[in-house]
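**Student:** Structure file entry.cif (mmCIF, C-alpha atoms) right here:
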```cif
data_protein
#
loop_
_atom_site.group_PDB
_atom_site.id
_atom_site.type_symbol
_atom_site.label_atom_id
_atom_site.label_comp_id
_atom_site.auth_asym_id
_atom_site.auth_seq_id
_atom_site.Cartn_x
_atom_site.Cartn_y
_atom_site.Cartn_z
ATOM 1 C CA MET A 1 -1.674 15.327 7.834
ATOM 2 C CA ASN A 2 1.068 17.271 6.105
ATOM 3 C CA LYS A 3 2.466 16.251 2.715
ATOM 4 C CA GLU A 4 5.890 15.373 4.152
ATOM 5 C CA ALA A 5 4.499 12.911 6.679
ATOM 6 C CA THR A 6 4.798 9.213 5.897
ATOM 7 C CA PRO A 7 2.740 7.500 8.552
ATOM 8 C CA SER A 8 2.974 3.807 9.242
ATOM 9 C CA ILE A 9 -0.050 2.463 7.402
ATOM 10 C CA THR A 10 -1.300 -1.088 7.908
ATOM 11 C CA PHE A 11 -3.912 -3.022 5.936
ATOM 12 C CA ARG A 12 -6.321 -5.653 7.202
ATOM 13 C CA THR A 13 -9.655 -7.255 6.463
ATOM 14 C CA MET A 14 -12.594 -5.132 7.589
ATOM 15 C CA ASN A 15 -14.913 -6.417 10.322
ATOM 16 C CA ILE A 16 -18.356 -5.361 11.570
ATOM 17 C CA GLY A 17 -16.824 -3.213 14.315
ATOM 18 C CA ASP A 18 -15.144 -1.078 11.646
ATOM 19 C CA VAL A 19 -18.434 0.069 10.098
ATOM 20 C CA PRO A 20 -18.693 3.441 11.930
ATOM 21 C CA ALA A 21 -15.115 4.414 11.025
ATOM 22 C CA VAL A 22 -15.531 3.224 7.441
ATOM 23 C CA HIS A 23 -18.774 5.200 7.211
ATOM 24 C CA ARG A 24 -16.855 8.339 8.276
ATOM 25 C CA VAL A 25 -14.421 7.726 5.401
ATOM 26 C CA GLU A 26 -17.343 7.092 3.036
ATOM 27 C CA THR A 27 -19.139 10.347 3.951
ATOM 28 C CA ASP A 28 -15.881 12.307 3.693
ATOM 29 C CA ALA A 29 -15.162 10.942 0.226
ATOM 30 C CA PHE A 30 -18.454 10.719 -1.661
ATOM 31 C CA THR A 31 -21.353 13.029 -2.504
ATOM 32 C CA SER A 32 -23.747 10.056 -2.300
ATOM 33 C CA PRO A 33 -22.247 7.911 0.455
ATOM 34 C CA TRP A 34 -23.412 4.453 1.367
ATOM 35 C CA THR A 35 -25.412 4.338 4.595
ATOM 36 C CA MET A 36 -24.223 2.646 7.776
ATOM 37 C CA GLY A 37 -26.941 0.071 7.163
ATOM 38 C CA ALA A 38 -25.637 -0.694 3.679
ATOM 39 C CA LEU A 39 -22.117 -1.180 5.040
ATOM 40 C CA GLU A 40 -23.450 -3.403 7.826
ATOM 41 C CA GLN A 41 -25.316 -5.492 5.242
ATOM 42 C CA GLU A 42 -22.081 -5.924 3.295
ATOM 43 C CA MET A 43 -20.401 -7.289 6.426
ATOM 44 C CA LEU A 44 -23.272 -9.445 7.678
ATOM 45 C CA ALA A 45 -25.307 -10.602 4.703
ATOM 46 C CA ASN A 46 -23.323 -10.390 1.475
ATOM 47 C CA GLU A 47 -21.443 -13.657 1.020
ATOM 48 C CA TYR A 48 -19.498 -12.125 -1.882
ATOM 49 C CA ALA A 49 -18.262 -9.048 0.018
ATOM 50 C CA TYR A 50 -14.568 -8.626 0.791
ATOM 51 C CA TYR A 51 -13.376 -5.372 2.344
ATOM 52 C CA LEU A 52 -9.991 -4.043 3.430
ATOM 53 C CA VAL A 53 -9.195 -1.079 5.672
ATOM 54 C CA ALA A 54 -6.110 1.111 5.850
ATOM 55 C CA GLU A 55 -5.124 2.294 9.316
ATOM 56 C CA ASP A 56 -2.607 4.749 10.609
ATOM 57 C CA PRO A 57 -1.572 4.138 14.224
ATOM 58 C CA GLU A 58 -4.703 5.935 15.477
ATOM 59 C CA LYS A 59 -7.630 5.265 13.147
ATOM 60 C CA ILE A 60 -9.040 3.903 9.918
ATOM 61 C CA ILE A 61 -8.111 6.322 7.145
ATOM 62 C CA GLY A 62 -9.299 4.440 4.067
ATOM 63 C CA TYR A 63 -10.990 1.349 2.763
ATOM 64 C CA CYS A 64 -11.572 -0.688 -0.365
ATOM 65 C CA GLY A 65 -14.584 -2.903 -0.961
ATOM 66 C CA ALA A 66 -15.152 -5.655 -3.472
ATOM 67 C CA TRP A 67 -17.481 -8.450 -4.440
ATOM 68 C CA LEU A 68 -15.762 -11.737 -5.262
ATOM 69 C CA VAL A 69 -17.951 -13.788 -7.576
ATOM 70 C CA LEU A 70 -16.389 -16.905 -9.054
ATOM 71 C CA ASP A 71 -13.140 -15.705 -10.652
ATOM 72 C CA GLU A 72 -14.079 -12.011 -10.905
ATOM 73 C CA CYS A 73 -13.514 -9.227 -8.415
ATOM 74 C CA HIS A 74 -15.778 -6.184 -8.734
ATOM 75 C CA ILE A 75 -14.556 -3.122 -6.825
ATOM 76 C CA THR A 76 -17.485 -1.406 -5.100
ATOM 77 C CA ASN A 77 -15.705 1.519 -3.412
ATOM 78 C CA VAL A 78 -12.244 2.890 -2.756
ATOM 79 C CA ALA A 79 -11.992 5.849 -0.398
ATOM 80 C CA VAL A 80 -9.389 7.678 1.673
ATOM 81 C CA LEU A 81 -10.019 10.478 4.161
ATOM 82 C CA SER A 82 -9.392 13.831 2.454
ATOM 83 C CA ALA A 83 -6.621 14.743 4.928
ATOM 84 C CA TYR A 84 -4.683 11.631 3.840
ATOM 85 C CA ARG A 85 -5.089 11.852 0.079
ATOM 86 C CA GLY A 86 -2.077 12.302 -2.150
ATOM 87 C CA HIS A 87 0.147 9.922 -0.166
ATOM 88 C CA GLY A 88 -0.377 6.732 -2.185
ATOM 89 C CA ILE A 89 -2.838 5.173 0.255
ATOM 90 C CA GLY A 90 -5.520 4.610 -2.375
ATOM 91 C CA GLU A 91 -2.962 2.977 -4.647
ATOM 92 C CA ALA A 92 -1.702 0.802 -1.796
ATOM 93 C CA LEU A 93 -5.283 -0.251 -0.969
ATOM 94 C CA MET A 94 -5.907 -1.196 -4.593
ATOM 95 C CA ARG A 95 -2.636 -3.132 -4.807
ATOM 96 C CA GLN A 96 -3.516 -4.981 -1.591
ATOM 97 C CA MET A 97 -6.972 -5.814 -2.964
ATOM 98 C CA MET A 98 -5.506 -6.990 -6.268
ATOM 99 C CA GLN A 99 -2.986 -9.262 -4.542
ATOM 100 C CA ARG A 100 -5.361 -10.660 -1.930
ATOM 101 C CA THR A 101 -8.230 -11.360 -4.317
ATOM 102 C CA ALA A 102 -5.895 -12.992 -6.834
ATOM 103 C CA ARG A 103 -4.770 -15.331 -4.048
ATOM 104 C CA LYS A 104 -8.466 -16.073 -3.415
ATOM 105 C CA GLY A 105 -8.906 -17.120 -7.049
ATOM 106 C CA ALA A 106 -9.946 -13.918 -8.833
ATOM 107 C CA ARG A 107 -8.546 -13.690 -12.351
ATOM 108 C CA THR A 108 -10.076 -10.366 -13.414
ATOM 109 C CA MET A 109 -11.019 -7.149 -11.649
ATOM 110 C CA THR A 110 -13.548 -4.595 -12.785
ATOM 111 C CA LEU A 111 -14.836 -1.247 -11.532
ATOM 112 C CA GLU A 112 -16.705 1.874 -12.531
ATOM 113 C CA ALA A 113 -15.300 5.392 -12.183
ATOM 114 C CA ARG A 114 -16.773 8.813 -12.807
ATOM 115 C CA LEU A 115 -15.614 10.218 -16.128
ATOM 116 C CA SER A 116 -14.736 13.451 -14.292
ATOM 117 C CA ASN A 117 -12.595 11.714 -11.645
ATOM 118 C CA GLU A 118 -9.212 12.173 -13.311
ATOM 119 C CA PRO A 119 -7.150 11.222 -10.230
ATOM 120 C CA ALA A 120 -8.966 7.879 -9.947
ATOM 121 C CA LEU A 121 -8.816 7.209 -13.683
ATOM 122 C CA GLY A 122 -5.083 7.944 -13.666
ATOM 123 C CA LEU A 123 -4.548 5.564 -10.747
ATOM 124 C CA TYR A 124 -6.526 2.772 -12.388
ATOM 125 C CA ARG A 125 -4.604 3.185 -15.646
ATOM 126 C CA LYS A 126 -1.333 3.101 -13.683
ATOM 127 C CA LEU A 127 -2.491 -0.197 -12.149
ATOM 128 C CA GLY A 128 -3.086 -1.684 -15.602
ATOM 129 C CA PHE A 129 -6.830 -1.165 -15.980
ATOM 130 C CA LYS A 130 -8.210 -0.833 -19.496
ATOM 131 C CA GLU A 131 -11.351 0.954 -20.612
ATOM 132 C CA GLY A 132 -14.238 -1.393 -21.246
ATOM 133 C CA GLY A 133 -17.245 0.820 -21.918
ATOM 134 C CA ILE A 134 -19.560 3.514 -20.586
ATOM 135 C CA ARG A 135 -22.503 3.136 -18.199
ATOM 136 C CA ARG A 136 -24.763 6.063 -19.109
ATOM 137 C CA GLY A 137 -26.268 7.987 -16.169
ATOM 138 C CA TYR A 138 -24.677 5.593 -13.670
ATOM 139 C CA TYR A 139 -24.278 8.050 -10.788
ATOM 140 C CA THR A 140 -27.610 8.886 -9.192
ATOM 141 C CA ASP A 141 -26.504 12.144 -7.548
ATOM 142 C CA ASN A 142 -25.939 13.952 -10.855
ATOM 143 C CA GLY A 143 -26.545 11.449 -13.667
ATOM 144 C CA GLU A 144 -22.869 11.366 -14.622
ATOM 145 C CA ASP A 145 -21.654 8.531 -16.810
ATOM 146 C CA ALA A 146 -19.258 5.916 -15.469
ATOM 147 C CA LEU A 147 -16.280 4.482 -17.269
ATOM 148 C CA VAL A 148 -16.145 0.703 -16.879
ATOM 149 C CA MET A 149 -12.570 -0.503 -16.479
ATOM 150 C CA TRP A 150 -11.045 -3.949 -16.060
ATOM 151 C CA THR A 151 -7.719 -5.707 -15.655
ATOM 152 C CA GLU A 152 -6.389 -9.212 -15.407
ATOM 153 C CA LEU A 153 -4.968 -10.267 -12.056
ATOM 154 C CA ASN A 154 -1.741 -12.154 -11.519
ATOM 155 C CA GLU A 155 -1.412 -14.212 -8.347
ATOM 156 C CA ASP A 156 2.358 -13.644 -8.305
ATOM 157 C CA GLU A 157 2.174 -9.829 -8.102
#
```
Could you spell out this file's structure in structure tokens?
**Tutor:**
Amino acid sequence: MNKEATPSITFRTMNIGDVPAVHRVETDAFTSPWTMGALEQEMLANEYAYYLVAEDPEKIIGYCGAWLVLDECHITNVAVLSAYRGHGIGEALMRQMMQRTARKGARTMTLEARLSNEPALGLYRKLGFKEGGIRRGYYTDNGEDALVMWTELNEDE
């Protein structure tokens, strides 16, 4: 995808049939990706799981996962295929998740991000997230610390 292209992106709730495509996004985006089995478990067995996908006219190009527990939304993963990064898709996914989970009753949203992931940290700050603390050695692939961030959600946004 070239930088000038502005594809027609749609967002919808993920379903079990999306797992292979979402797994492709996951393996493209992360050094320690979730397995297909873990994604299937999220869809089939986790009553708190809520996932969205981003699609261009041909395929799933990104996704955002969360756990909705009482009035809190915990973001598990946000990923966009590398060929589609830099076009605001990750931001749009996060905004969709923020709006949809607020309508479902979430009042706060939290997540962890690698301290070295400046693009993600910048996006989260842009979306109103504040720094809440450090989880030491959070990432198992290299022992990197995670920055815990949170924001309040507004149903009207």
**Student:** Which residues, named as in the file, does the PyMOL selection byres ((chain A and resi 100) around 12) pick out? Answer as a VMD selection string.
**Tutor:** chain A and resid 11 to 13 50 to 52 64 66 68 73 93 to 99 101 to 107 109 153 to 157
**Student:** Using all atoms listed in the file for the distances, tell me which of A:Ala21, A:Glu55, A:Lys126, A:Asn15 is nearest to Glu42 of chain A.
**Tutor:** A:Asn15
**Student:** So what do you get for atom CA of Thr110 of chain A versus atom CA of Asp145 of chain A, distance-wise?
**Tutor:** 15.9 Å
**Student:** Using the chain letters and residue numbers of this document, give as a ChimeraX atom specification the residues selected by the PyMOL selection byres ((chain A and resi 62) around 7).
**Tutor:** /A:25,53-54,60-61,63,79-81
**Student:** Go ahead and write the residues just picked, C-alpha atoms, as a PDB file, in the frame of the given file.
**Tutor:**
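To be explicit, this is the file written out as selection-v4.pdb:
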```
ATOM      1  CA  VAL A  25     -14.421   7.726   5.401  1.00  0.00           C
ATOM      2  CA  VAL A  53      -9.195  -1.079   5.672  1.00  0.00           C
ATOM      3  CA  ALA A  54      -6.110   1.111   5.850  1.00  0.00           C
ATOM      4  CA  ILE A  60      -9.040   3.903   9.918  1.00  0.00           C
ATOM      5  CA  ILE A  61      -8.111   6.322   7.145  1.00  0.00           C
ATOM      6  CA  TYR A  63     -10.990   1.349   2.763  1.00  0.00           C
ATOM      7  CA  ALA A  79     -11.992   5.849  -0.398  1.00  0.00           C
ATOM      8  CA  VAL A  80      -9.389   7.678   1.673  1.00  0.00           C
ATOM      9  CA  LEU A  81     -10.019  10.478   4.161  1.00  0.00           C
TER      10      LEU A  81
END
```
**Student:** Hey, what's within 8 Å of Gly128 of chain A if we count only C-alpha atoms and toss same-chain stuff fewer than 3 positions away? As an mmCIF file with C-alpha atoms, in the coordinates of the input, please?
**Tutor:**
```
data_model
loop_
_atom_site.group_PDB
_atom_site.id
_atom_site.type_symbol
_atom_site.label_atom_id
_atom_site.label_comp_id
_atom_site.auth_asym_id
_atom_site.auth_seq_id
_atom_site.Cartn_x
_atom_site.Cartn_y
_atom_site.Cartn_z
ATOM 1 C CA TYR A 124 -6.526 2.772 -12.388
ATOM 2 C CA ARG A 125 -4.604 3.185 -15.646
ATOM 3 C CA THR A 151 -7.719 -5.707 -15.655
#
```
**Student:** Pick out the closest residue to Ile89 of chain A from this set: A:Met43, A:Leu123, A:Ala49, A:Met149. Count all atoms listed in the file.
**Tutor:**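 Going through A:Met43, A:Leu123, A:Ala49, A:Met149 one by one, the smallest distance to Ile89 of chain A is for A:Leu123.
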**Student:** In Å to one decimal, how far is atom CA of Val148 of chain A from atom CA of Lys130 of chain A?
**Tutor:** 8.5 Å
**Student:** Out of A:Phe30, A:Tyr48, A:Tyr138, A:Phe129, which residue has the shortest atom-to-atom distance to Val69 of chain A when counting all atoms listed in the file?
**Tutor:**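 Under the stated criterion, the closest residue is A:Tyr48.
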**Student:** Just how far from atom CA of Thr108 of chain A is atom CA of Ala29 of chain A, in Å to one decimal?
**Tutor:**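 Computing it gives 25.8 Å between the two atoms.
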**Student:** Which of these residues is nearest to Asp18 of chain A, using only C-alpha atoms: A:Leu39, A:Leu147, A:Gly132, A:Arg85?
**Tutor:**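 Closest residue, counting only C-alpha atoms: A:Leu39.
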**Student:** Nearest to Trp34 of chain A among A:Ala92, A:Val22, A:Ala146, A:Leu70, with distances taken over all atoms listed in the file: which residue is it?
**Tutor:** A:Val22
**Student:** List the residues selected by the PyMOL selection byres ((chain A and resi 116) around 10) in the file shown, writing them as a compact mmCIF listing (two decimals) with C-alpha atoms, keeping the file's coordinate frame.
**Tutor:**
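Contents of the output file out37.txt:
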```
# COMPACT_ATOMS: atom_id res chain seq x y z
CA ALA A 113 -15.30 5.39 -12.18
CA ARG A 114 -16.77 8.81 -12.81
CA LEU A 115 -15.61 10.22 -16.13
CA ASN A 117 -12.60 11.71 -11.64
CA GLU A 118 -9.21 12.17 -13.31
CA PRO A 119 -7.15 11.22 -10.23
CA ALA A 120 -8.97 7.88 -9.95
CA LEU A 121 -8.82 7.21 -13.68
CA GLU A 144 -22.87 11.37 -14.62
CA ASP A 145 -21.65 8.53 -16.81
CA ALA A 146 -19.26 5.92 -15.47
CA LEU A 147 -16.28 4.48 -17.27
```
**Student:** Given 3 Å on each side, where is the centre and what are the edge lengths in Å to one decimal of the axis-aligned box enclosing the listed atoms of segment 29-40 of chain A, as AutoDock Vina command-line options?
**Tutor:**
```
--center_x -21.1 --center_y 4.8 --center_z 2.7 --size_x 17.8 --size_y 22.4 --size_z 16.3
```
**Student:** Would you mind telling me which residue in A:Ile75, A:Thr31, A:Leu44, A:Ser8 lies nearest to Pro57 of chain A when using all atoms listed in the file?
**Tutor:**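 Once distances to Pro57 of chain A are computed over all atoms listed in the file, the minimum belongs to A:Ser8.
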